[in-house]
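Participant: Contents of input_9.tsv (TSV, C-alpha atoms) are below:
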chain	number	residue	atom	x	y	z
F	1	MET	CA	100.88	75.61	82.36
F	2	GLU	CA	101.41	79.10	83.77
F	3	ARG	CA	101.73	81.92	81.30
F	4	ASP	CA	105.02	83.67	80.75
F	5	GLU	CA	104.73	87.30	81.66
F	6	VAL	CA	106.76	90.42	80.95
F	7	ILE	CA	107.20	92.09	84.30
F	8	TYR	CA	109.69	94.89	83.53
F	9	ILE	CA	110.92	96.74	80.49
F	10	ILE	CA	114.24	98.55	80.46
F	11	ALA	CA	114.80	100.79	77.44
F	12	ASP	CA	117.53	103.18	76.37
F	13	ASP	CA	115.07	105.64	74.86
F	14	LYS	CA	111.54	106.42	75.90
F	15	ASP	CA	110.47	106.71	72.26
F	16	LYS	CA	111.05	103.00	71.79
F	17	VAL	CA	108.35	102.02	74.21
F	18	VAL	CA	104.80	103.23	73.85
F	19	ALA	CA	103.21	101.75	76.93
F	20	GLY	CA	102.29	98.33	78.16
F	21	GLY	CA	101.31	96.24	81.09
F	22	ALA	CA	104.76	96.29	82.65
F	23	PRO	CA	106.65	99.06	84.43
F	24	ILE	CA	109.18	100.78	82.16
F	25	LEU	CA	112.61	102.07	83.18
F	26	ILE	CA	114.60	104.36	80.95
F	27	ALA	CA	118.40	104.15	81.09
F	28	PRO	CA	120.41	105.58	78.20
F	29	GLU	CA	123.72	104.05	79.33
F	30	GLU	CA	124.30	100.39	78.47
F	31	VAL	CA	126.17	99.76	81.72
F	32	GLU	CA	123.28	101.08	83.72
F	33	ARG	CA	120.75	99.00	81.78
F	34	GLU	CA	122.81	95.88	82.44
F	35	ARG	CA	123.00	96.68	86.13
F	36	LEU	CA	119.30	97.39	86.45
F	37	ALA	CA	118.53	94.18	84.63
F	38	LEU	CA	120.80	92.18	86.90
F	39	TYR	CA	119.31	93.64	90.07
F	40	LEU	CA	115.73	93.16	88.93
F	41	SER	CA	116.47	89.65	87.77
F	42	ARG	CA	117.82	88.63	91.15
F	43	ILE	CA	115.07	90.45	93.03
F	44	LEU	CA	112.16	89.18	91.01
F	45	ASN	CA	113.53	85.77	90.01
F	46	ALA	CA	112.91	86.72	86.39
F	47	MET	CA	114.85	86.02	83.25
F	48	VAL	CA	116.51	88.89	81.40
F	49	HIS	CA	116.07	88.92	77.63
F	50	ASP	CA	117.95	91.31	75.40
F	51	LEU	CA	115.99	92.37	72.36
F	52	GLU	CA	119.25	93.77	70.97
F	53	ASN	CA	117.82	97.15	70.07
F	54	GLY	CA	118.61	98.73	73.40
F	55	VAL	CA	115.56	97.24	75.06
F	56	LEU	CA	115.76	94.60	77.77
F	57	ILE	CA	112.75	92.81	79.12
F	58	LEU	CA	112.35	90.79	82.28
F	59	VAL	CA	110.18	87.75	81.86
F	60	LYS	CA	108.78	85.45	84.48
F	61	HIS	CA	108.88	81.97	82.98
W	1	MET	CA	98.30	25.53	106.60
W	2	ALA	CA	100.65	27.68	108.62
W	3	LEU	CA	103.80	26.91	106.65
W	4	PRO	CA	102.60	28.03	103.20
W	5	ILE	CA	101.24	31.27	104.63
W	6	LEU	CA	104.41	31.96	106.57
W	7	VAL	CA	106.68	31.32	103.61
W	8	GLY	CA	104.36	33.25	101.33
W	9	VAL	CA	104.45	36.28	103.59
W	10	LEU	CA	108.22	36.13	103.90
W	11	VAL	CA	108.72	35.88	100.17
W	12	GLY	CA	106.24	38.70	99.61
W	13	ILE	CA	108.08	40.98	102.00
W	14	LEU	CA	111.36	40.06	100.38
W	15	THR	CA	109.94	41.06	96.99
W	16	ARG	CA	108.77	44.40	98.31
W	17	TRP	CA	112.13	45.04	99.91
W	18	LEU	CA	114.05	44.18	96.77
W	19	LEU	CA	111.82	46.40	94.66
W	20	LEU	CA	112.18	49.19	97.19
W	21	ARG	CA	115.90	49.07	96.69
W	22	ILE	CA	115.62	49.57	92.96
W	23	ASP	CA	113.63	52.66	93.82
W	24	TYR	CA	116.38	54.32	95.67
W	25	ARG	CA	117.45	56.79	93.01
W	26	GLN	CA	113.99	57.46	91.75
W	27	TYR	CA	112.66	58.53	95.07
W	28	PRO	CA	115.11	58.74	97.95
W	29	GLY	CA	113.73	56.41	100.58
W	30	TYR	CA	113.87	58.23	103.82
W	31	PRO	CA	113.78	55.75	106.70
W	32	HIS	CA	110.12	56.49	107.29
W	33	GLY	CA	109.16	56.10	103.68
W	34	TYR	CA	110.74	52.67	103.86
W	35	VAL	CA	108.75	51.74	106.95
W	36	THR	CA	105.50	52.83	105.34
W	37	HIS	CA	106.07	50.80	102.23
W	38	LEU	CA	107.38	47.73	104.01
W	39	SER	CA	104.34	47.74	106.29
W	40	LEU	CA	101.96	47.99	103.37
W	41	GLY	CA	104.02	45.30	101.69
W	42	LEU	CA	103.47	43.09	104.73
W	43	VAL	CA	99.72	43.60	104.53
W	44	ALA	CA	99.80	42.82	100.82
W	45	ALA	CA	101.93	39.72	101.36
W	46	PHE	CA	99.60	38.43	104.06
W	47	LEU	CA	96.52	38.90	101.91
W	48	GLY	CA	98.14	37.12	99.00
W	49	ALA	CA	99.55	34.27	101.06
W	50	ALA	CA	96.31	33.60	102.90
W	51	ALA	CA	94.03	33.62	99.87
W	52	ILE	CA	94.54	30.07	98.61
W	53	PRO	CA	94.69	28.33	102.03
W	54	ALA	CA	91.56	30.18	103.11
W	55	THR	CA	89.70	29.23	99.95
W	56	LEU	CA	90.71	25.60	100.42
W	57	THR	CA	89.18	25.50	103.87
W	58	GLY	CA	85.94	26.81	102.47
W	59	GLN	CA	86.37	30.44	103.41
W	60	TYR	CA	85.35	31.81	100.04
W	61	THR	CA	85.07	35.33	101.39
W	62	ALA	CA	88.87	35.41	101.24
W	63	VAL	CA	88.55	36.26	97.57
W	64	SER	CA	86.51	39.35	98.27
W	65	PHE	CA	89.27	40.49	100.59
W	66	LEU	CA	91.57	40.61	97.62
W	67	ALA	CA	89.14	42.99	95.95
W	68	LEU	CA	89.15	45.09	99.07
W	69	ALA	CA	92.94	45.10	99.03
W	70	ALA	CA	93.02	46.35	95.45
W	71	GLN	CA	90.89	49.27	96.56
W	72	GLN	CA	93.24	49.98	99.44
W	73	PHE	CA	96.35	49.93	97.36
W	74	ARG	CA	94.88	52.38	94.93
W	75	ASP	CA	95.23	54.84	97.78
W	76	ILE	CA	98.97	54.33	97.76
W	77	ARG	CA	99.11	55.93	94.37
W	78	ASN	CA	97.20	58.92	95.69
W	79	MET	CA	99.41	59.10	98.75
W	80	GLU	CA	102.62	59.13	96.74
W	81	ARG	CA	101.25	61.55	94.20
W	82	LYS	CA	100.10	63.97	96.88
W	83	SER	CA	103.33	63.98	98.81
W	84	LEU	CA	105.47	64.37	95.69
W	85	GLU	CA	103.26	67.18	94.43
W	86	GLN	CA	103.61	68.90	97.75
W	87	LEU	CA	107.39	68.63	97.62
W	88	GLU	CA	107.40	69.94	94.08
W	89	GLU	CA	106.79	73.45	95.39
W	90	THR	CA	110.25	73.62	96.86
W	91	GLU	CA	112.17	71.82	94.14
W	92	LEU	CA	114.63	74.03	92.29
W	93	VAL	CA	114.31	71.70	89.33
W	94	ARG	CA	110.87	70.15	89.22
W	95	ARG	CA	110.09	66.53	88.56
W	96	GLY	CA	107.07	67.42	86.49
W	97	PRO	CA	103.64	65.77	86.61
W	98	ASP	CA	104.59	62.90	84.28
W	99	TYR	CA	107.43	61.77	86.48
W	100	ILE	CA	105.31	62.01	89.62
W	101	GLU	CA	102.52	60.04	88.03
W	102	GLY	CA	105.04	57.43	86.94
W	103	ILE	CA	106.48	57.03	90.42
W	104	ALA	CA	103.04	56.86	92.03
W	105	ARG	CA	101.93	54.20	89.57
W	106	VAL	CA	105.04	52.15	90.26
W	107	PHE	CA	104.41	52.20	93.99
W	108	GLU	CA	100.86	50.99	93.51
W	109	SER	CA	101.69	48.21	91.10
W	110	ARG	CA	104.50	46.89	93.24
W	111	ASN	CA	102.02	46.02	95.95
W	112	TYR	CA	100.04	43.98	93.46
W	113	LEU	CA	103.26	42.23	92.56
W	114	VAL	CA	103.75	41.40	96.21
W	115	ILE	CA	100.24	39.98	96.46
W	116	LEU	CA	100.85	37.85	93.38
W	117	THR	CA	104.20	36.63	94.63
W	118	ALA	CA	102.79	35.62	98.00
W	119	LEU	CA	99.76	34.00	96.38
W	120	LEU	CA	101.79	31.99	93.91
W	121	THR	CA	104.28	30.90	96.54
W	122	SER	CA	101.78	29.73	99.11
W	123	GLY	CA	99.68	28.06	96.43
W	124	ALA	CA	102.68	26.23	95.01
W	125	ILE	CA	103.71	25.03	98.46
W	126	ILE	CA	100.25	23.68	99.17
W	127	PHE	CA	99.96	21.78	95.91
W	128	ARG	CA	103.56	20.74	95.21
W	129	GLY	CA	105.55	21.10	98.43
W	130	LEU	CA	108.07	23.51	99.88
W	131	THR	CA	110.93	23.17	97.38
W	132	PHE	CA	108.67	23.72	94.42
W	133	GLY	CA	107.14	26.74	96.15
W	134	LEU	CA	110.52	28.31	96.80
W	135	GLY	CA	111.51	27.67	93.21
W	136	ILE	CA	108.39	29.44	91.97
W	137	ALA	CA	109.10	32.31	94.36
W	138	LEU	CA	112.65	32.71	93.10
W	139	LEU	CA	111.56	32.59	89.49
W	140	TRP	CA	108.82	35.11	90.07
W	141	ILE	CA	111.13	37.50	91.91
W	142	ILE	CA	113.59	37.40	89.03
W	143	VAL	CA	110.82	37.92	86.49
W	144	SER	CA	109.30	40.84	88.38
W	145	HIS	CA	112.71	42.43	88.82
W	146	TYR	CA	113.40	42.21	85.14
W	147	TYR	CA	109.93	43.16	84.05
W	148	MET	CA	109.48	46.10	86.39
W	149	SER	CA	112.78	47.85	85.88
W	150	GLY	CA	111.74	49.42	82.58
W	151	LYS	CA	113.84	51.06	79.92
W	152	ARG	CA	116.48	53.69	80.43
W	153	LEU	CA	117.24	56.67	78.28
W	154	GLY	CA	120.49	55.11	77.12
W	155	ASP	CA	118.38	52.41	75.43
W	156	ILE	CA	116.51	54.82	73.20
W	157	ALA	CA	119.04	57.58	72.56
W	158	LEU	CA	122.74	58.17	72.03
W	159	VAL	CA	124.18	60.66	74.48
W	160	ARG	CA	127.17	62.74	73.47
W	161	PRO	CA	128.72	66.10	74.40
W	162	GLY	CA	127.76	69.20	72.43
W	163	ARG	CA	129.53	72.49	71.93
W	164	VAL	CA	128.16	75.42	73.89
W	165	HIS	CA	128.33	78.69	72.00
W	166	PHE	CA	126.54	82.00	71.54
W	167	ALA	CA	125.28	83.77	68.46
W	168	ARG	CA	125.10	87.28	69.89
W	169	THR	CA	122.78	86.66	72.82
W	170	LEU	CA	121.30	83.36	71.67
W	171	LEU	CA	122.64	80.27	73.37
W	172	TYR	CA	123.26	77.25	71.18
W	173	VAL	CA	124.39	73.70	71.85
W	174	ASP	CA	125.77	72.51	68.53
W	175	GLU	CA	123.14	73.71	66.06
W	176	VAL	CA	120.20	73.68	68.45
W	177	MET	CA	119.03	77.00	69.82
W	178	ILE	CA	118.28	76.81	73.52
W	179	MET	CA	117.41	80.28	74.79
W	180	GLU	CA	118.11	83.97	74.77
W	181	VAL	CA	120.31	85.18	77.60
W	182	GLY	CA	120.18	88.90	78.24
W	183	LEU	CA	122.83	89.33	80.92
W	184	LYS	CA	126.42	89.58	79.80
W	185	GLU	CA	127.89	88.03	82.92
W	186	SER	CA	125.50	85.10	82.72
W	187	ARG	CA	126.53	84.53	79.12
W	188	GLU	CA	130.17	84.46	80.17
W	189	LYS	CA	129.48	82.02	82.96
W	190	LEU	CA	127.46	79.70	80.74
W	191	LEU	CA	130.18	79.79	78.12
W	192	LYS	CA	132.87	79.00	80.64
W	193	GLU	CA	131.20	76.45	82.90
W	194	GLY	CA	128.12	75.26	81.01
W	195	VAL	CA	127.99	71.68	79.83
W	196	GLY	CA	126.16	70.98	76.60
W	197	ILE	CA	124.79	67.53	75.82
W	198	ILE	CA	123.16	66.20	72.69
W	199	LEU	CA	120.64	63.37	72.85
W	200	GLU	CA	120.25	61.61	69.57
W	201	PRO	CA	117.22	59.30	69.32
W	202	LYS	CA	118.05	55.87	67.91
W	203	ASP	CA	114.79	55.56	65.95
W	204	ASP	CA	111.43	57.25	65.45
W	205	ASN	CA	110.06	55.70	68.63
W	206	GLY	CA	112.86	57.33	70.57
W	207	ARG	CA	112.30	60.57	68.75
W	208	ALA	CA	108.64	60.68	69.76
W	209	THR	CA	109.48	59.81	73.34
W	210	LEU	CA	112.17	62.48	73.59
W	211	ALA	CA	109.77	65.04	72.20
W	212	GLN	CA	107.45	64.50	75.16
W	213	PRO	CA	107.96	67.47	77.53
W	214	GLY	CA	107.35	65.37	80.64
W	215	GLN	CA	110.19	63.05	79.67
W	216	ARG	CA	112.51	65.99	79.16
W	217	GLN	CA	111.58	67.44	82.53
W	218	ALA	CA	112.33	64.08	84.12
W	219	ILE	CA	115.78	64.05	82.52
W	220	VAL	CA	116.53	67.51	83.78
W	221	HIS	CA	115.34	66.68	87.28
W	222	ASP	CA	117.29	63.46	87.58
W	223	VAL	CA	120.50	64.95	86.28
W	224	ALA	CA	120.13	67.88	88.65
W	225	ALA	CA	119.59	65.49	91.54
W	226	ILE	CA	122.57	63.33	90.66
W	227	VAL	CA	125.35	65.66	89.52
W	228	GLY	CA	124.16	68.78	91.37
W	229	LEU	CA	123.69	72.17	89.76
W	230	LYS	CA	124.80	75.73	90.34
W	231	LYS	CA	121.36	77.12	90.76
W	232	ASP	CA	119.22	79.03	93.20
W	233	PHE	CA	116.20	81.29	93.28
W	234	GLY	CA	117.02	84.52	91.49
W	235	TYR	CA	119.07	82.75	88.82
W	236	PRO	CA	116.49	81.71	86.26
W	237	GLU	CA	119.05	81.72	83.43
W	238	PHE	CA	120.91	78.82	85.07
W	239	THR	CA	117.89	76.56	84.98
W	240	PRO	CA	118.86	73.47	83.00
W	241	LEU	CA	116.93	73.25	79.76
W	242	ILE	CA	116.36	70.70	77.03
W	243	ARG	CA	115.25	71.93	73.66
W	244	LEU	CA	114.43	69.99	70.55
W	245	ASP	CA	115.83	70.44	67.10
W	246	ILE	CA	112.48	70.02	65.39
W	247	ASP	CA	114.11	69.12	62.08
W	248	THR	CA	116.25	66.22	63.29
W	249	GLY	CA	114.50	65.22	66.51
W	250	ARG	CA	117.72	65.66	68.46
W	251	ALA	CA	117.44	67.12	71.90
W	252	ALA	CA	120.06	69.51	73.22
W	253	MET	CA	120.60	70.19	76.87
W	254	ILE	CA	122.44	72.92	78.71
W	255	LEU	CA	123.24	72.79	82.39
W	256	LEU	CA	125.63	74.27	84.89
W	257	PRO	CA	126.85	71.36	87.00
W	258	ILE	CA	128.83	71.85	90.17
W	259	GLU	CA	131.49	69.58	88.70
W	260	PRO	CA	131.81	70.44	84.99
W	261	ASP	CA	132.48	66.84	83.98
W	262	PRO	CA	130.54	65.88	80.83
W	263	GLU	CA	131.20	62.18	81.43
W	264	ALA	CA	129.37	62.19	84.76
W	265	VAL	CA	126.49	64.15	83.28
W	266	MET	CA	126.17	61.78	80.33
W	267	GLU	CA	126.21	58.76	82.61
W	268	ALA	CA	123.42	60.28	84.70
W	269	ILE	CA	121.36	60.98	81.58
W	270	ARG	CA	121.74	57.45	80.27
W	271	ARG	CA	120.27	56.07	83.48
W	272	VAL	CA	117.18	58.27	83.51
W	273	PRO	CA	114.12	56.02	83.32
W	274	VAL	CA	111.94	56.25	80.24
W	275	LEU	CA	108.59	57.30	81.64
W	276	GLU	CA	105.65	55.06	81.07
W	277	SER	CA	103.53	58.01	80.08
W	278	ALA	CA	106.14	59.24	77.61
W	279	ILE	CA	106.64	56.02	75.71
W	280	ARG	CA	105.48	56.47	72.13
W	281	LEU	CA	105.69	53.68	69.62
W	282	PRO	CA	104.78	55.15	66.25
W	283	LEU	CA	106.77	52.40	64.54
W	284	LYS	CA	104.17	49.89	65.68
W	285	THR	CA	101.73	51.38	63.20
W	286	LEU	CA	101.76	51.15	59.45
W	287	ALA	CA	101.53	54.91	59.06
W	288	GLY	CA	104.46	55.36	61.45
W	289	ARG	CA	106.62	52.92	59.51
W	290	LYS	CA	105.72	54.58	56.24
W	291	ALA	CA	106.63	57.97	57.63
W	292	ALA	CA	109.94	56.63	58.86
W	293	ASP	CA	111.42	55.65	55.52
Kindly transcribe the structure held in the file into C-alpha cells.

Facilitator:
Amino acid sequence: MERDEVIYIIADDKDKVVAGGAPILIAPEEVERERLALYLSRILNAMVHDLENGVLILVKH
Amino acid sequence: MALPILVGVLVGILTRWLLLRIDYRQYPGYPHGYVTHLSLGLVAAFLGAAAIPATLTGQYTAVSFLALAAQQFRDIRNMERKSLEQLEETELVRRGPDYIEGIARVFESRNYLVILTALLTSGAIIFRGLTFGLGIALLWIIVSHYYMSGKRLGDIALVRPGRVHFARTLLYVDEVMIMEVGLKESREKLLKEGVGIILEPKDDNGRATLAQPGQRQAIVHDVAAIVGLKKDFGYPEFTPLIRLDIDTGRAAMILLPIEPDPEAVMEAIRRVPVLESAIRLPLKTLAGRKAAD
C-alpha cells in the first residue's frame, strides 16, 4: 500500500509550524486559508484536513 | 463417435455462454471479451467431449491433452488479471486486488467446468444413449449455475440507511466515524447530498468477512459502477468510503451518488458478490464459537 503523505501545510501563524517536509503557506485570514486549501486540493488531487487549530494540511491518500 | 462429441461440444459451449451471462455485472463483457471467452470455451468443450471417445478407441494420449489444457487455461487467469490490473490505473474507484483475483479465478475455473460438462455429456451419451446424456447435461448445467454463483452481501449482512452528520469537521454515519473533511463547502455538499449506509453483519462470519479491506473495496467499486457517483480527479473528499465500527463490527459507508436514492444504493450493495478471498468462517472453529457467545 502506498504511504499517505502530507504535501502542503497551511497555517494561520508561522509560530505554529516549526518546519517539515512539506511546503508551508501562512495565511492569517480564515477565508484565505479555505481558498488556498480548495485550490491546492483541486490542483494536487489531495485531501484537505482541518486540524482545527488554524492549521490545514493537504494529504495525498 | 461423432454424435457424442458434437453434442458434448454444443453443451459445453452452452455452459460457457450461460456462465458468461452471469458475469455481465461483474465484468462488463465487451463484444470482444465475449468472443475471446467463447472461443476458449469452444476449445475447452472440444477437449472435454473428445476425451472419452478417444480413450475408447485406444488413443490414450487423449488424457495427456487434458493435462495440457489445464496448463493452457491457467493462462486465462493471468490474462484476466493483467488486463484488469491495467485498467485499474484509470478507475476512479478501484476494484482492488482481491476483486481482480476473484474475477480472474472465476474465469479460469469456468473453463474447467466446461471441460467437465462436455466430458460428462459425451461419456453419458456413449454409455447410455442420447436422452440420458442430455439429461446429465441439463442437470450439470443447473448444478454448476447454482454452485458457481456464490454468496451475495445481502446474505451475510443487513443493509440499512444511516444518518450522515458532522461533529465539527469529522464526518459520521450514525455512530461510526468515517473521515475528517477540511473544506467547508465539501462538508455542506456531503451533508446535503451524501448517502450514508450501515452494513450490519448477521453473525461473526459476516463480521470477519466485512472487516476484510478487499471486500470493502469491492463493495465500493460495485456500487460506484451501478449507481454512479459524483466524483472526479481533484475531489478526493468525495471518494466513497467504508469504515468499520471496531466495537460492533458494523460497517458504515458514505457516498455521493448521482441520484441520491438510498433504496437504489442499498439494492446495489446487497448484490455485491462476497469475494472468495474475503470469506472468513471463524464460527467453524471451536475457538471462534467460544468467542462468539

Participant: Compute the chain F side of the contact with chain W at 6 Å, counting only C-alpha atoms, and hand it back as a list in words.

Facilitator: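 So the contacting residues turn out to be Arg42, Asn45, Met47, Val48, His49 and Asp50 of chain F.
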
Participant: What's the separation between atom CA of W:Gly33 and atom CA of W:Thr15, in Å to one decimal place?

Facilitator: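 Straight-line distance from atom CA of W:Gly33 to atom CA of W:Thr15 works out to 16.5 Å.
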
Participant: Would you mind listing what lies within 6 Å of stretch 70-80 of chain W as an mmCIF file with C-alpha atoms, in the frame of the given file, with only C-alpha atoms counted and same-chain residues fewer than 5 positions away left out?

Facilitator:
data_model
loop_
_atom_site.group_PDB
_atom_site.id
_atom_site.type_symbol
_atom_site.label_atom_id
_atom_site.label_comp_id
_atom_site.auth_asym_id
_atom_site.auth_seq_id
_atom_site.Cartn_x
_atom_site.Cartn_y
_atom_site.Cartn_z
ATOM 1 C CA ALA W 104 103.040 56.860 92.030
ATOM 2 C CA ARG W 105 101.930 54.200 89.570
ATOM 3 C CA GLU W 108 100.860 50.990 93.510
#

Participant: Using all atoms listed in the file, pick whichever of F:Tyr39, F:Val6, F:Asp13, F:Ile57 has the shortest atom-to-atom distance to F:Ile26.

Facilitator: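 Ranking F:Tyr39, F:Val6, F:Asp13, F:Ile57 by distance to F:Ile26, first place goes to F:Asp13.
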
Participant: Could you pull the residues within 9 Å of stretch 16-19 of chain W, counting only C-alpha atoms, minus those fewer than 2 positions along the same chain, as a ChimeraX atom specification?

Facilitator: /W:11-14,21-23,34,37-38,41-42,45,110-111,113-114,141,144-145,148-149

Participant: Just the residues within 12 Å of W:Met1, please, counting only C-alpha atoms, with nothing from its chain fewer than 3 positions along; format it as a PyMOL selection string.

Facilitator: chain W and resi 4-8+49-57+122-123+125-127+129

Participant: With only C-alpha atoms as the counted atoms, please give the residues lying no more than 8 Å from W:Ile156, apart from itself and same-chain residues fewer than 6 positions off, as a list in words.

Facilitator: Pro201, Lys202, Asp203, Asn205 and Gly206 of chain W

Participant: Do you have the atom CA of F:Ile10-atom CA of F:Ile43 distance handy?

Facilitator: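 For atom CA of F:Ile10 relative to atom CA of F:Ile43, the distance reads 15.0 Å.
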
Participant: Could you please determine the separation between atom CA of W:Arg271 and atom CA of W:Asp155 in Å, to one decimal place?

Facilitator: 9.0 Å

Participant: Give me the residues near F:Asn53 as an NGL selection string, where near means some atom within 10 Å (using all atoms listed in the file) and where sequence neighbours in that chain fewer than 4 positions away do not count.

Facilitator: :F and (11-12 or 16)

Participant: Restricting the calculation to all atoms listed in the file: of F:Ile24, F:Lys14, F:Asp4, F:Glu52, which residue gets closest to F:Leu36?

Facilitator: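 Checking each of F:Ile24, F:Lys14, F:Asp4, F:Glu52 against F:Leu36, counting all atoms listed in the file, the winner is F:Ile24.
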
Participant: Counting only C-alpha atoms, select every polymer residue within 6 Å of (122.8, 70.4, 80.0) as defined in the file's coordinates, and provide the selection as a list of chain:residue names.

Facilitator: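 Here the neighbourhood of the point contains W:Val195, W:Gly196, W:Ile197, W:Pro240, W:Met253, W:Ile254, W:Leu255.
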
Participant: Next, dump the selected residues to file, keeping only C-alpha atoms, as a compact mmCIF listing (two decimals), keeping the file's coordinate frame.

Facilitator:
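part.txt, written as the output of this step:
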# COMPACT_ATOMS: atom_id res chain seq x y z
CA VAL W 195 127.99 71.68 79.83
CA GLY W 196 126.16 70.98 76.60
CA ILE W 197 124.79 67.53 75.82
CA PRO W 240 118.86 73.47 83.00
CA MET W 253 120.60 70.19 76.87
CA ILE W 254 122.44 72.92 78.71
CA LEU W 255 123.24 72.79 82.39

Participant: Kindly extract all protein, DNA and RNA residues lying within 10 Å of the coordinates (130.5, 64.5, 77.3) given in the file, considering all atoms listed in the file, and supply them as a PyMOL selection string.

Facilitator: chain W and resi 159-163+195-198+260-267

Participant: Would you give the centre and edge lengths, in Å to one decimal, of a box along x, y and z around the listed atoms of stretch 16-32 of chain F, with 6 Å added to each side, as lines of an AutoDock Vina configuration file?

Facilitator:
center_x = 113.7
center_y = 100.9
center_z = 78.1
size_x = 36.9
size_y = 21.3
size_z = 24.6
